[in-house]
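What follows is a set of notes on a single structure, which appears directly below.
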Amino acid sequence: MAVSCQSLDEVRRSITRQTLIFASLTLLLSWSCPALGKKKLYIGALFPMSGGWPGGQACLPSAQMALDLVNKRTDILPEYELELIHYDSMCDPGEATKLLYDLLYTEPIKIVLMPGCSSVSTLVAEAARMWNLIVLSYGSSSPALSNRQRFPTFFRTHPSATLHNPTRVQLFQKWKWTKIATIQQTTEVFTSTLDDLEARTKEARIEISVRQSFLTDPAPAVKNLKRQDARIIVGLFYETEARKVFCEVYKEKLYGKKYVWFLIGWYADNWFKIKDPSINCTVEQMTEAVEGHVTTEIVMLNPETARGASNLTSQEFLNQLMSKLGGKNPEETGGFQEAPLAYDAVWALALALNKTVGPLKAKGRRLEDFNYNNRDITAEIYRALNTSSFEGVSGHVVFDAQGSRMAWTLIEQLQGGSYKKIGYFDSTKGNLSWYGNDKWIGPGPPADQTVVIEVFRFLSQKLFVSVSVFAGLGILLGIVCLTFNIYNSNVRYIQNSQPYLNNMTAVGCMMALAAVFPLGLDGHHVHRKQFPVICQFRLWLLGLGFSLAYGSMFTKIWWVHTVFTKKDDKKEKRKHLEPWKLYATVGVLLVIDVLSLMIWQIVDPLHITVEKFVREAPKGDLDVLIQPLLEHCSSDKMNTWLGVVYGYKGLLLLLGIFLAYETKSISTEKINDHRAVGMAIYNVSVLCMITAPVTMILSSQQDASFAFASLAIVFSVYITLVVLFVPKMRRLITRGEWQSDTQETMKTQGSSTNNNDEEKSRQLERENKELQKIIQEKEERVSELRNQLVERQALRSRRRPSTVNQNHSTPLLPVPSNNDPKSLIPPPGYPNPTSDNHSLPPSFSNSSNLYQPDGKISRNNCHTSRLQLLYK
């Protein structure tokens, strides 16, 4: 029994020892192999290792680093192990379609899909809902993916490209730019981004003046930007296209101190130095073209040193990534900047799956039970991702309602060939952190467009002063003429020229000349608010001055034509002139003008209109343009009013010319200066008809228009005053006719009482000439009769002897020859001729009284009976 008991104890001790060894081995194996006994959860991933964006080159190692850490953690998914099944999508949707089919229809079942670039993510996210799969992207920035109706299970740790737009708008407002231009590559991601930018700029009252796009060749789009004077340009295109764009930018000289380019910040730092066979620009040219551009980039690496969920700082993460890349140049590794996003994407997925373990257990479900028909597990994973919030190596990770990452934006500027951080923008709070180290080629940020300086064109002051001097002298001449006419109004010669009408003409001329002064006033002399008053003043002065001056002359010529073109039975009425009719005619013309001007002023008053001319570039390298402006007096229906006024005045001018021509040979006692009036009408009409259309054509040339209009007024007035008044002054001065009618009568006693009547004197002179002609004819007839009588007497003397006829008291005279002066001796019974050169018969002996010593003929000496003898 003792042996057996001892043996039993040994057996027990050996069993206990083996148990302890097994337990120890089990514990040791659990420590060294934590995955031992864990269930695997598979992640289907598409990493673009090549193509337009080869982001998988750095993102895949980063994701594997995260998986290794997650699988080692005992506090995160302790019962599960995450495994990555990945393929190269080449950033091609067609290739991605084939790979997606392989992922879905080959074992094992994938619980989550992780695509890369936007074009592939769009395809995967739209199809994933049919398999109840959550899609978590690490490199998709397309704004189109922020559509919960189209992509209900999509999340991304890469912020949407629209997150750049609030930052861009903030910078536009900081630098006071209100006009920008855009150029984009024709892809959905950039089109969506630009649509969002346009909506945001519209809210901020910033105009997108030029919007260009291209598919493969950016040359035409860049030329259009240059042609349309784009200055602040937002470029949305991939890195390969960016090189093509800036090669064309260099050729078009669309860079320098006048231009600012905004680009996407996820290009490689030396993207413009990479040799590209598709462009023909050197590295130096590309470096010159891209200098000074601004980039906006989502903050993909936490700038702080805090440790997040992975217990790594951002710098520690970069060090581990660099060692995993095996010493590759980060600038030449695609996706290096997005690597923190891929790292945090794995952590976001792991933390979300960890959240779902408890709720699923409460429902009697497990993660390994997931299949493509199970919506409950998908819903739990969706809720867990939607509420994610943790610190990652890329910063704070949180998703918005559309599943997009919320993050800060980094603002950089290329200075001296390298990028410099100039600020950060937190779009969630709207805070801009600015370093103030931005650098510009010029003195500061350039203008968003060519600065246009508005410059008003004013009338030449030398021209205005010169014309004003002539106008002032003309007004003085008008005052002299008016004073002369009023002072000598009692002289009959002045009275016969209708002095009141001449006074109206002088006043109208002075008013027209006075209109020259407001005609030359513009914004250089008066304020803009007072300019309409000047417009009305010049219109009234010119209109009323024309009515008085031309209306009074027109009235004279109208009366002369009306009276002296009547029939012979109304000749007696010609001599009777009623002055009130003349004044009434002028009054009617004046009232018509006053009414028309009042209606114009009330219905459609004159106001200022500003005419813009073609912009002019000043001399020198100044980034400005001069916009010439010219102020005009105008109304809403200016052409209509001018047509009415010009039509009415034009008819008066044409009628005045016709009447002046018709009455040019008429001489009347009542208006003795109507020929001078006709000459003045000719000149005024011609000048007005030329000036009116020419000034309308030259309205845009202030100096030429003013010179033409004002000089036409001045010349018209000068001609009118000189033609009407200077002859009167000359006559009164040279002939001494300054005395009144009483004094003139006292000086000319013994002569005709009507000698001062010029018209009567002219009529008597004409009668005297007619009588002299008649007398000459009678004298010639008497001479013929004498010759015939002498011939008859000679004939009788031959027939009869030379005896004295008893019936004659005087002997017959011998017949003289025609050349003998004695032949002029009158026959018996006729008186001897006088010493006058003309021999007159006895019956005309008294006709010598018609001739006065001073050469004038008196009407009293022309008796009717004697005139009858002359005409027998």
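All residue names refer to the structure tokens as shown: chains lettered A, B, ... in order, residues numbered from 1 in each chain, ligands numbered from 1 in order.
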Find the residues around A:Leu519 up to 9 Å (only C-alpha atoms counted), leave out those fewer than 4 positions away in its own chain, and share them as a ChimeraX atom specification. /A:515,534-535,538-539,706,709-710
Spatial neighbours of A:Tyr646, max dist 12 Å, only C-alpha atoms, sep filter under 2 positions, as a ChimeraX atom specification: /A:543,593,638-644,648-654,688-693,696
Would you export the selected residues with N, CA and C atoms as an mmCIF file, in the first residue's frame, please?
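Once everything was written out, this is selection.cif:
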data_model
loop_
_atom_site.group_PDB
_atom_site.id
_atom_site.type_symbol
_atom_site.label_atom_id
_atom_site.label_comp_id
_atom_site.auth_asym_id
_atom_site.auth_seq_id
_atom_site.Cartn_x
_atom_site.Cartn_y
_atom_site.Cartn_z
ATOM 1 N N GLY A 543 -32.860 129.212 -78.135
ATOM 2 C CA GLY A 543 -34.159 129.147 -78.789
ATOM 3 C C GLY A 543 -34.828 130.510 -78.883
ATOM 4 N N ASP A 593 -42.189 129.048 -79.967
ATOM 5 C CA ASP A 593 -40.949 128.540 -79.369
ATOM 6 C C ASP A 593 -41.079 128.369 -77.867
ATOM 7 N N MET A 638 -34.643 112.388 -76.998
ATOM 8 C CA MET A 638 -33.910 113.543 -77.526
ATOM 9 C C MET A 638 -34.053 113.635 -79.038
ATOM 10 N N ASN A 639 -33.941 112.538 -79.737
ATOM 11 C CA ASN A 639 -34.003 112.573 -81.204
ATOM 12 C C ASN A 639 -35.363 113.058 -81.693
ATOM 13 N N THR A 640 -36.420 112.679 -80.978
ATOM 14 C CA THR A 640 -37.760 113.126 -81.374
ATOM 15 C C THR A 640 -37.897 114.630 -81.238
ATOM 16 N N TRP A 641 -37.458 115.156 -80.092
ATOM 17 C CA TRP A 641 -37.557 116.604 -79.883
ATOM 18 C C TRP A 641 -36.693 117.375 -80.873
ATOM 19 N N LEU A 642 -35.486 116.896 -81.095
ATOM 20 C CA LEU A 642 -34.626 117.580 -82.062
ATOM 21 C C LEU A 642 -35.218 117.524 -83.462
ATOM 22 N N GLY A 643 -35.853 116.424 -83.807
ATOM 23 C CA GLY A 643 -36.494 116.324 -85.115
ATOM 24 C C GLY A 643 -37.607 117.351 -85.276
ATOM 25 N N VAL A 644 -38.403 117.535 -84.216
ATOM 26 C CA VAL A 644 -39.500 118.527 -84.274
ATOM 27 C C VAL A 644 -38.936 119.942 -84.393
ATOM 28 N N TYR A 648 -39.154 122.361 -87.756
ATOM 29 C CA TYR A 648 -39.846 123.652 -87.733
ATOM 30 C C TYR A 648 -38.900 124.788 -88.113
ATOM 31 N N LYS A 649 -37.729 124.823 -87.510
ATOM 32 C CA LYS A 649 -36.771 125.883 -87.821
ATOM 33 C C LYS A 649 -36.271 125.765 -89.262
ATOM 34 N N GLY A 650 -36.086 124.552 -89.719
ATOM 35 C CA GLY A 650 -35.615 124.369 -91.090
ATOM 36 C C GLY A 650 -36.607 124.899 -92.110
ATOM 37 N N LEU A 651 -37.899 124.682 -91.877
ATOM 38 C CA LEU A 651 -38.917 125.217 -92.793
ATOM 39 C C LEU A 651 -38.898 126.738 -92.788
ATOM 40 N N LEU A 652 -38.738 127.335 -91.598
ATOM 41 C CA LEU A 652 -38.657 128.797 -91.540
ATOM 42 C C LEU A 652 -37.444 129.315 -92.314
ATOM 43 N N LEU A 653 -36.313 128.631 -92.170
ATOM 44 C CA LEU A 653 -35.113 129.058 -92.883
ATOM 45 C C LEU A 653 -35.290 128.953 -94.393
ATOM 46 N N LEU A 654 -35.863 127.841 -94.857
ATOM 47 C CA LEU A 654 -36.078 127.672 -96.296
ATOM 48 C C LEU A 654 -37.075 128.694 -96.823
ATOM 49 N N CYS A 688 -26.891 127.859 -90.376
ATOM 50 C CA CYS A 688 -27.698 126.981 -89.517
ATOM 51 C C CYS A 688 -27.890 125.607 -90.147
ATOM 52 N N MET A 689 -28.150 125.573 -91.453
ATOM 53 C CA MET A 689 -28.382 124.284 -92.106
ATOM 54 C C MET A 689 -27.123 123.428 -92.165
ATOM 55 N N ILE A 690 -25.975 124.081 -92.166
ATOM 56 C CA ILE A 690 -24.723 123.311 -92.137
ATOM 57 C C ILE A 690 -24.381 122.901 -90.708
ATOM 58 N N THR A 691 -24.595 123.805 -89.763
ATOM 59 C CA THR A 691 -24.162 123.567 -88.383
ATOM 60 C C THR A 691 -24.974 122.480 -87.701
ATOM 61 N N ALA A 692 -26.294 122.466 -87.882
ATOM 62 C CA ALA A 692 -27.152 121.522 -87.156
ATOM 63 C C ALA A 692 -26.745 120.068 -87.382
ATOM 64 N N PRO A 693 -26.655 119.591 -88.637
ATOM 65 C CA PRO A 693 -26.268 118.181 -88.804
ATOM 66 C C PRO A 693 -24.815 117.896 -88.422
ATOM 67 N N MET A 696 -24.384 117.394 -84.703
ATOM 68 C CA MET A 696 -24.893 116.091 -84.279
ATOM 69 C C MET A 696 -23.879 114.996 -84.587
#
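For the residues A:Arg730, A:His632, A:Lys439, A:Lys110, ranking by smallest atom-to-atom distance to A:Gly416 using only C-alpha atoms places A:Lys439 first.
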Got a sec: who's within 6 Å of stretch 45-55 of chain A, counting only C-alpha atoms, leaving out chain neighbours fewer than 5 positions off, as an NGL selection string? :A and (85-91 or 113-116 or 334-335)
Would you mind exporting all heavy atoms of the selected residues as an mmCIF file, in the first residue's frame?
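This went into selection.cif:
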data_model
loop_
_atom_site.group_PDB
_atom_site.id
_atom_site.type_symbol
_atom_site.label_atom_id
_atom_site.label_comp_id
_atom_site.auth_asym_id
_atom_site.auth_seq_id
_atom_site.Cartn_x
_atom_site.Cartn_y
_atom_site.Cartn_z
ATOM 1 N N ILE A 85 -7.256 42.402 -48.949
ATOM 2 C CA ILE A 85 -7.148 41.794 -50.278
ATOM 3 C C ILE A 85 -7.196 42.941 -51.278
ATOM 4 O O ILE A 85 -8.219 43.624 -51.390
ATOM 5 C CB ILE A 85 -8.282 40.796 -50.528
ATOM 6 C CG1 ILE A 85 -8.241 39.680 -49.482
ATOM 7 C CG2 ILE A 85 -8.184 40.218 -51.937
ATOM 8 C CD1 ILE A 85 -9.396 38.706 -49.586
ATOM 9 N N HIS A 86 -6.133 43.187 -51.965
ATOM 10 C CA HIS A 86 -6.053 44.402 -52.789
ATOM 11 C C HIS A 86 -5.628 44.066 -54.217
ATOM 12 O O HIS A 86 -4.950 43.060 -54.469
ATOM 13 C CB HIS A 86 -5.065 45.391 -52.170
ATOM 14 C CG HIS A 86 -3.676 44.842 -52.042
ATOM 15 N ND1 HIS A 86 -2.726 44.920 -53.041
ATOM 16 C CD2 HIS A 86 -3.078 44.191 -51.008
ATOM 17 C CE1 HIS A 86 -1.608 44.372 -52.644
ATOM 18 N NE2 HIS A 86 -1.793 43.900 -51.400
ATOM 19 N N TYR A 87 -6.023 44.974 -55.110
ATOM 20 C CA TYR A 87 -5.664 44.872 -56.521
ATOM 21 C C TYR A 87 -5.260 46.262 -57.019
ATOM 22 O O TYR A 87 -5.571 47.293 -56.412
ATOM 23 C CB TYR A 87 -6.836 44.359 -57.368
ATOM 24 C CG TYR A 87 -7.284 42.967 -57.018
ATOM 25 C CD1 TYR A 87 -8.448 42.762 -56.290
ATOM 26 C CD2 TYR A 87 -6.549 41.857 -57.434
ATOM 27 C CE1 TYR A 87 -8.868 41.481 -55.970
ATOM 28 C CE2 TYR A 87 -6.970 40.566 -57.116
ATOM 29 C CZ TYR A 87 -8.131 40.390 -56.384
ATOM 30 O OH TYR A 87 -8.536 39.124 -56.072
ATOM 31 N N ASP A 88 -4.604 46.293 -58.176
ATOM 32 C CA ASP A 88 -4.193 47.560 -58.813
ATOM 33 C C ASP A 88 -5.273 47.998 -59.791
ATOM 34 O O ASP A 88 -5.460 47.393 -60.847
ATOM 35 C CB ASP A 88 -2.862 47.367 -59.534
ATOM 36 C CG ASP A 88 -2.386 48.653 -60.217
ATOM 37 O OD1 ASP A 88 -2.983 49.724 -59.942
ATOM 38 O OD2 ASP A 88 -1.436 48.578 -61.013
ATOM 39 N N SER A 89 -5.984 49.065 -59.455
ATOM 40 C CA SER A 89 -7.063 49.557 -60.328
ATOM 41 C C SER A 89 -6.539 50.448 -61.446
ATOM 42 O O SER A 89 -7.280 50.767 -62.380
ATOM 43 C CB SER A 89 -8.080 50.344 -59.502
ATOM 44 O OG SER A 89 -7.488 51.534 -59.012
ATOM 45 N N MET A 90 -5.295 50.911 -61.322
ATOM 46 C CA MET A 90 -4.686 51.821 -62.309
ATOM 47 C C MET A 90 -5.512 53.107 -62.494
ATOM 48 O O MET A 90 -5.411 53.786 -63.500
ATOM 49 C CB MET A 90 -4.499 51.111 -63.656
ATOM 50 C CG MET A 90 -3.523 49.950 -63.594
ATOM 51 S SD MET A 90 -3.195 49.209 -65.206
ATOM 52 C CE MET A 90 -4.792 48.497 -65.562
ATOM 53 N N CYS A 91 -6.344 53.383 -61.510
ATOM 54 C CA CYS A 91 -7.213 54.589 -61.542
ATOM 55 C C CYS A 91 -8.073 54.605 -62.795
ATOM 56 O O CYS A 91 -8.368 55.661 -63.352
ATOM 57 C CB CYS A 91 -6.372 55.858 -61.441
ATOM 58 S SG CYS A 91 -7.272 57.283 -60.768
ATOM 59 N N LEU A 113 -15.359 47.680 -48.658
ATOM 60 C CA LEU A 113 -14.570 47.961 -49.858
ATOM 61 C C LEU A 113 -13.833 49.285 -49.670
ATOM 62 O O LEU A 113 -14.397 50.260 -49.150
ATOM 63 C CB LEU A 113 -15.462 48.031 -51.096
ATOM 64 C CG LEU A 113 -16.211 46.748 -51.484
ATOM 65 C CD1 LEU A 113 -17.104 46.999 -52.695
ATOM 66 C CD2 LEU A 113 -15.225 45.626 -51.774
ATOM 67 N N MET A 114 -12.580 49.320 -50.132
ATOM 68 C CA MET A 114 -11.754 50.529 -49.995
ATOM 69 C C MET A 114 -11.158 50.905 -51.349
ATOM 70 O O MET A 114 -10.052 50.475 -51.685
ATOM 71 C CB MET A 114 -10.642 50.318 -48.964
ATOM 72 C CG MET A 114 -11.121 50.217 -47.532
ATOM 73 S SD MET A 114 -9.754 50.055 -46.360
ATOM 74 C CE MET A 114 -8.945 51.625 -46.595
ATOM 75 N N PRO A 115 -11.882 51.710 -52.156
ATOM 76 C CA PRO A 115 -11.322 52.172 -53.431
ATOM 77 C C PRO A 115 -10.442 53.394 -53.206
ATOM 78 O O PRO A 115 -10.403 53.982 -52.121
ATOM 79 C CB PRO A 115 -12.556 52.505 -54.248
ATOM 80 C CG PRO A 115 -13.562 52.908 -53.227
ATOM 81 C CD PRO A 115 -13.276 52.113 -51.980
ATOM 82 N N GLY A 116 -9.731 53.790 -54.292
ATOM 83 C CA GLY A 116 -8.807 54.918 -54.183
ATOM 84 C C GLY A 116 -9.308 56.173 -54.879
ATOM 85 O O GLY A 116 -10.010 56.987 -54.298
ATOM 86 N N GLY A 334 3.985 58.253 -55.632
ATOM 87 C CA GLY A 334 2.598 58.665 -55.753
ATOM 88 C C GLY A 334 1.820 58.389 -54.496
ATOM 89 O O GLY A 334 1.939 57.335 -53.870
ATOM 90 N N GLY A 335 0.983 59.367 -54.104
ATOM 91 C CA GLY A 335 0.133 59.205 -52.930
ATOM 92 C C GLY A 335 0.830 59.432 -51.619
ATOM 93 O O GLY A 335 0.256 59.122 -50.560
#
Residues within 10 Å of A:Asp376, only C-alpha atoms, excluding chain neighbours under 3 positions, as a list in words: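 Non-adjacent residues within range: Asn132, Leu360, Lys363, Arg365, Phe370, Asn373, Ala379, Glu380, Ile381 and Tyr382 of chain A.
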Residues within 12 Å of A:Lys273, please, as a PDB file with C-alpha atoms, in the first residue's frame. Count only C-alpha atoms; anything in the same chain fewer than 5 positions from it doesn't count.
ATOM      1  CA  GLU A 239      -0.801  67.007 -62.420  1.00  0.00           C
ATOM      2  CA  THR A 240      -0.015  65.782 -65.922  1.00  0.00           C
ATOM      3  CA  ALA A 242      -0.990  71.053 -65.172  1.00  0.00           C
ATOM      4  CA  ARG A 243       2.345  70.813 -66.961  1.00  0.00           C
ATOM      5  CA  PHE A 246       1.683  76.089 -67.670  1.00  0.00           C
ATOM      6  CA  CYS A 247       3.722  75.437 -70.761  1.00  0.00           C
ATOM      7  CA  TYR A 267       0.612  67.692 -56.738  1.00  0.00           C
ATOM      8  CA  ALA A 268       4.150  66.546 -56.055  1.00  0.00           C
ATOM      9  CA  ILE A 279       5.329  69.515 -73.549  1.00  0.00           C
ATOM     10  CA  CYS A 281       9.034  73.808 -72.434  1.00  0.00           C
ATOM     11  CA  THR A 282      12.224  73.633 -70.438  1.00  0.00           C
ATOM     12  CA  VAL A 283      12.415  73.313 -66.674  1.00  0.00           C
ATOM     13  CA  GLU A 284      13.592  76.922 -66.426  1.00  0.00           C
ATOM     14  CA  GLN A 285      10.608  78.129 -68.423  1.00  0.00           C
ATOM     15  CA  MET A 286       8.190  76.089 -66.331  1.00  0.00           C
ATOM     16  CA  THR A 287       9.789  77.369 -63.128  1.00  0.00           C
ATOM     17  CA  GLU A 288       9.393  80.943 -64.339  1.00  0.00           C
ATOM     18  CA  ALA A 289       5.750  80.401 -65.285  1.00  0.00           C
ATOM     19  CA  VAL A 290       4.629  78.797 -61.982  1.00  0.00           C
ATOM     20  CA  GLU A 331       8.393  63.518 -53.977  1.00  0.00           C
ATOM     21  CA  GLU A 332       8.553  60.804 -56.597  1.00  0.00           C
ATOM     22  CA  GLY A 417      10.873  77.402 -56.549  1.00  0.00           C
ATOM     23  CA  SER A 418       9.667  75.877 -53.249  1.00  0.00           C
TER      24      SER A 418
END
So which bits of stretch 303-359 of chain A end up alpha helix (DSSP H) when you DSSP the backbone, as a ChimeraX atom specification? /A:314-325,339-359
Show me a table, sorted first by chain and then by increasing residue number, of the residues of stretch 331-378 of chain A having an atom at most 9 Å from stretch 301-317 of chain A, each with its shortest atom pair and the distance in Å to one decimal, counting only C-alpha atoms and written as JSON lines.
{"residue": "A:Gln337", "atom": "CA", "partner": "A:Leu301", "partner_atom": "CA", "distance": 8.0}
{"residue": "A:Glu338", "atom": "CA", "partner": "A:Leu301", "partner_atom": "CA", "distance": 8.7}
{"residue": "A:Ala339", "atom": "CA", "partner": "A:Leu301", "partner_atom": "CA", "distance": 9.0}
{"residue": "A:Pro340", "atom": "CA", "partner": "A:Leu301", "partner_atom": "CA", "distance": 6.3}
{"residue": "A:Leu341", "atom": "CA", "partner": "A:Leu301", "partner_atom": "CA", "distance": 8.3}
{"residue": "A:Asp344", "atom": "CA", "partner": "A:Ser310", "partner_atom": "CA", "distance": 8.8}
{"residue": "A:Trp347", "atom": "CA", "partner": "A:Ser310", "partner_atom": "CA", "distance": 7.6}
